[in-house]
$ cat entry-v1.cif   # mmCIF, C-alpha atoms
data_run
loop_
_atom_site.group_PDB
_atom_site.id
_atom_site.type_symbol
_atom_site.label_atom_id
_atom_site.label_comp_id
_atom_site.auth_asym_id
_atom_site.auth_seq_id
_atom_site.Cartn_x
_atom_site.Cartn_y
_atom_site.Cartn_z
ATOM 1 C CA MET A 29 194.574 129.925 145.790
ATOM 2 C CA ASP A 30 191.843 131.640 147.804
ATOM 3 C CA THR A 31 188.898 129.256 148.212
ATOM 4 C CA GLN A 32 186.662 132.010 149.574
ATOM 5 C CA SER A 33 186.231 133.516 146.124
ATOM 6 C CA TYR A 34 184.585 130.349 144.778
ATOM 7 C CA LYS A 35 181.625 130.279 147.139
ATOM 8 C CA THR A 36 178.209 130.329 145.532
ATOM 9 C CA LEU A 37 176.003 133.094 146.852
ATOM 10 C CA SER A 38 172.326 132.313 147.238
ATOM 11 C CA ALA A 39 169.793 135.078 147.643
ATOM 12 C CA ASN A 40 167.086 134.910 150.290
ATOM 13 C CA ALA A 41 164.174 137.147 151.214
ATOM 14 C CA ALA A 42 166.424 139.419 153.284
ATOM 15 C CA THR A 43 169.212 139.815 150.716
ATOM 16 C CA ALA A 44 167.056 140.043 147.573
ATOM 17 C CA ASN A 45 167.506 143.463 145.984
ATOM 18 C CA LYS A 46 163.998 144.209 144.712
ATOM 19 C CA GLU A 47 163.440 147.331 142.615
ATOM 20 C CA TRP A 48 160.477 148.911 140.830
ATOM 21 C CA VAL A 49 160.452 149.232 137.034
ATOM 22 C CA VAL A 50 157.947 150.733 134.581
ATOM 23 C CA ILE A 51 157.426 149.417 131.049
ATOM 24 C CA ASP A 52 155.344 151.231 128.444
ATOM 25 C CA ALA A 53 153.499 148.578 126.391
ATOM 26 C CA THR A 54 152.517 150.899 123.535
ATOM 27 C CA ASP A 55 152.925 149.040 120.201
ATOM 28 C CA LEU A 56 154.898 146.183 121.773
ATOM 29 C CA VAL A 57 154.300 142.598 120.661
ATOM 30 C CA LEU A 58 152.499 140.701 123.419
ATOM 31 C CA GLY A 59 154.670 137.563 123.526
ATOM 32 C CA ARG A 60 157.971 139.421 123.478
ATOM 33 C CA LEU A 61 156.790 141.740 126.230
ATOM 34 C CA ALA A 62 155.475 138.833 128.313
ATOM 35 C CA SER A 63 158.661 136.768 128.070
ATOM 36 C CA ARG A 64 160.885 139.664 129.083
ATOM 37 C CA VAL A 65 158.596 140.753 131.922
ATOM 38 C CA ALA A 66 158.445 137.166 133.212
ATOM 39 C CA ARG A 67 162.234 137.139 133.187
ATOM 40 C CA ILE A 68 162.327 140.313 135.314
ATOM 41 C CA LEU A 69 159.632 139.025 137.705
ATOM 42 C CA ARG A 70 161.574 135.805 138.161
ATOM 43 C CA GLY A 71 164.854 137.661 138.734
ATOM 44 C CA LYS A 72 166.796 135.903 135.990
ATOM 45 C CA ASN A 73 168.278 139.196 134.838
ATOM 46 C CA LYS A 74 170.118 139.595 138.154
ATOM 47 C CA VAL A 75 173.516 138.337 139.173
ATOM 48 C CA ASN A 76 172.260 136.698 142.365
ATOM 49 C CA PHE A 77 169.390 134.731 140.758
ATOM 50 C CA THR A 78 168.243 131.890 142.997
ATOM 51 C CA PRO A 79 165.571 129.542 141.591
ATOM 52 C CA HIS A 80 163.744 128.906 144.872
ATOM 53 C CA VAL A 81 163.540 132.562 146.022
ATOM 54 C CA ASP A 82 161.399 135.467 144.818
ATOM 55 C CA CYS A 83 164.287 137.806 143.973
ATOM 56 C CA GLY A 84 162.696 139.521 140.962
ATOM 57 C CA ASP A 85 161.657 143.144 140.629
ATOM 58 C CA ASN A 86 158.209 144.717 140.902
ATOM 59 C CA VAL A 87 157.015 145.503 137.376
ATOM 60 C CA ILE A 88 154.475 148.163 136.387
ATOM 61 C CA ILE A 89 153.097 147.917 132.849
ATOM 62 C CA VAL A 90 151.274 150.975 131.501
ATOM 63 C CA ASN A 91 149.241 151.358 128.276
ATOM 64 C CA ALA A 92 148.254 147.674 128.242
ATOM 65 C CA ALA A 93 145.319 148.497 125.947
ATOM 66 C CA LYS A 94 147.773 149.477 123.176
ATOM 67 C CA ILE A 95 149.444 146.062 123.000
ATOM 68 C CA ARG A 96 149.990 144.471 119.576
ATOM 69 C CA LEU A 97 149.440 140.897 118.395
ATOM 70 C CA THR A 98 151.049 139.671 115.177
ATOM 71 C CA GLY A 99 149.513 137.598 112.420
ATOM 72 C CA LYS A 100 145.903 136.473 112.839
ATOM 73 C CA LYS A 101 146.187 135.967 116.599
ATOM 74 C CA LEU A 102 143.737 138.780 117.301
ATOM 75 C CA THR A 103 140.875 136.728 115.838
ATOM 76 C CA ASP A 104 142.159 133.120 115.643
ATOM 77 C CA LYS A 105 143.695 132.633 119.114
ATOM 78 C CA VAL A 106 141.221 131.321 121.687
ATOM 79 C CA TYR A 107 141.339 131.632 125.472
ATOM 80 C CA VAL A 108 139.479 128.773 127.179
ATOM 81 C CA ARG A 109 138.157 128.885 130.725
ATOM 82 C CA HIS A 110 135.652 126.864 132.714
ATOM 83 C CA THR A 111 133.053 128.178 135.143
ATOM 84 C CA GLY A 112 133.082 125.005 137.222
ATOM 85 C CA TYR A 113 129.538 124.023 136.280
ATOM 86 C CA PRO A 114 128.536 121.289 133.790
ATOM 87 C CA GLY A 115 128.727 122.688 130.280
ATOM 88 C CA GLY A 116 130.509 125.757 131.624
ATOM 89 C CA GLN A 117 133.348 125.913 129.107
ATOM 90 C CA ARG A 118 133.720 129.465 127.792
ATOM 91 C CA PHE A 119 135.784 130.739 124.876
ATOM 92 C CA ALA A 120 137.085 134.225 124.105
ATOM 93 C CA THR A 121 139.366 135.713 121.457
ATOM 94 C CA PRO A 122 141.948 138.386 122.242
ATOM 95 C CA LYS A 123 139.851 140.905 120.295
ATOM 96 C CA GLU A 124 136.888 140.341 122.639
ATOM 97 C CA LEU A 125 139.097 140.403 125.719
ATOM 98 C CA LEU A 126 140.891 143.590 124.634
ATOM 99 C CA SER A 127 137.544 145.352 124.267
ATOM 100 C CA ARG A 128 136.308 144.155 127.695
ATOM 101 C CA LYS A 129 139.430 143.782 129.856
ATOM 102 C CA PRO A 130 142.688 144.735 128.100
ATOM 103 C CA ILE A 131 144.636 144.037 131.273
ATOM 104 C CA ALA A 132 143.596 140.362 131.232
ATOM 105 C CA VAL A 133 145.359 139.615 127.929
ATOM 106 C CA VAL A 134 148.705 140.888 129.213
ATOM 107 C CA GLU A 135 148.337 139.259 132.633
ATOM 108 C CA GLU A 136 147.393 135.884 131.133
ATOM 109 C CA ALA A 137 150.403 135.907 128.808
ATOM 110 C CA ILE A 138 152.797 136.704 131.655
ATOM 111 C CA ARG A 139 151.194 134.260 134.115
ATOM 112 C CA GLY A 140 151.670 131.451 131.585
ATOM 113 C CA MET A 141 155.419 132.112 131.523
ATOM 114 C CA LEU A 142 155.920 131.953 135.297
ATOM 115 C CA PRO A 143 156.362 128.748 137.345
ATOM 116 C CA LYS A 144 153.125 126.877 138.112
ATOM 117 C CA ASN A 145 153.564 126.735 141.894
ATOM 118 C CA ARG A 146 153.323 128.910 145.013
ATOM 119 C CA LEU A 147 156.506 130.744 144.119
ATOM 120 C CA GLY A 148 155.083 131.596 140.680
ATOM 121 C CA ALA A 149 151.935 132.935 142.338
ATOM 122 C CA GLN A 150 154.069 135.094 144.627
ATOM 123 C CA MET A 151 156.036 136.416 141.643
ATOM 124 C CA PHE A 152 152.801 137.232 139.819
ATOM 125 C CA ARG A 153 151.750 139.442 142.736
ATOM 126 C CA ASN A 154 154.709 141.697 141.894
ATOM 127 C CA LEU A 155 153.094 142.592 138.548
ATOM 128 C CA TYR A 156 150.911 145.689 138.170
ATOM 129 C CA VAL A 157 149.188 146.236 134.823
ATOM 130 C CA TYR A 158 147.293 149.421 133.946
ATOM 131 C CA GLU A 159 145.173 150.208 130.917
ATOM 132 C CA GLY A 160 146.241 153.837 130.599
ATOM 133 C CA ALA A 161 149.447 155.798 131.061
ATOM 134 C CA GLU A 162 148.868 156.633 134.747
ATOM 135 C CA HIS A 163 149.778 154.440 137.718
ATOM 136 C CA PRO A 164 149.573 155.007 141.505
ATOM 137 C CA HIS A 165 153.131 153.840 142.278
ATOM 138 C CA GLN A 166 155.032 157.134 141.988
ATOM 139 C CA ALA A 167 156.062 156.942 145.659
ATOM 140 C CA GLN A 168 158.210 153.860 144.923
ATOM 141 C CA LYS A 169 160.254 155.904 142.413
ATOM 142 C CA PRO A 170 160.189 153.287 139.632
ATOM 143 C CA ARG A 171 162.759 153.545 136.876
ATOM 144 C CA GLU A 172 161.523 153.370 133.305
ATOM 145 C CA ILE A 173 163.104 150.752 131.084
ATOM 146 C CA LYS A 174 162.808 150.076 127.402
ATOM 147 C CA LEU A 175 162.071 146.541 126.258
ATOM 148 C CA ASN A 176 165.394 146.356 124.406
ATOM 149 C CA GLU A 177 167.362 147.031 127.605
ATOM 150 C CA ILE A 178 166.059 143.892 129.279
#
$ encode --input "entry-v1.cif" --output "structure tokens"
Amino acid sequence: MDTQSYKTLSANAATANKEWVVIDATDLVLGRLASRVARILRGKNKVNFTPHVDCGDNVIIVNAAKIRLTGKKLTDKVYVRHTGYPGGQRFATPKELLSRKPIAVVEEAIRGMLPKNRLGAQMFRNLYVYEGAEHPHQAQKPREIKLNEI
């Protein structure tokens, strides 16, 4: 029996095969999109997934303003933040956020599904969200994927 074939391969920064992908968020449910994008950012869809290495792809999300929320989440869900000052707790619904900053709703959903450490912050930097259909990353030759392919 050949013992060489049983070695576990671990990816590192040099061997990680990072690609660029584009996802069109038009009429996609926010949570389903966020969970699948977080999976791609983390690299869990790859054969050489290594938990302690950023081996995920760079993800470009276009049409973030056309995202969909199911049920009453558009009005009943509440995002809470704090300014850092006494009495500085602020609340916002997705409807308010979508009218002001549609990108923030998508980014917040994806950030919540990534690890809460330095590696998660590094993975989040590989995410690019745009409100419209245009993005400035044509030079990277991103491949377009459908949400069902992930």
$ resolve_selection --input "entry-v1.cif" --expression "the PyMOL selection byres ((chain A and resi 37) around 9)" --output "VMD selection string"
chain A and resid 35 to 36 38 to 39 76 78
$ resolve_selection --input "entry-v1.cif" --expression "the PyMOL selection byres ((chain A and resi 125) around 12)" --output "list in words"
Ala92, Ala93, Leu102, Thr103, Lys105, Val106, Tyr107, Val108, Phe119, Ala120, Thr121, Pro122, Lys123, Glu124, Leu126, Ser127, Arg128, Lys129, Pro130, Ile131, Ala132, Val133, Val134, Glu135 and Glu136 of chain A
$ atom_distance --input "entry-v1.cif" --atom1 "CA of Ala44 (chain A)" --atom2 "CA of Arg153 (chain A)"
16.1 Å
$ atom_distance --input "entry-v1.cif" --atom1 "CA of Glu47 (chain A)" --atom2 "CA of Ile173 (chain A)"
12.0 Å
$ resolve_selection --input "entry-v1.cif" --expression "the PyMOL selection byres ((chain A and resi 41) around 8)" --output "list in words"
Ala39, Asn40, Ala42, Thr43, Ala44, Val81, Asp82 and Cys83 of chain A
$ atom_distance --input "entry-v1.cif" --atom1 "CA of Met141 (chain A)" --atom2 "CA of Tyr113 (chain A)"
27.5 Å
$ closest_residue --input "entry-v1.cif" --among "A:Asn91, A:Ser63, A:Asn45, A:Asn176" --to "Glu159 (chain A)" --atoms "only C-alpha atoms"
A:Asn91
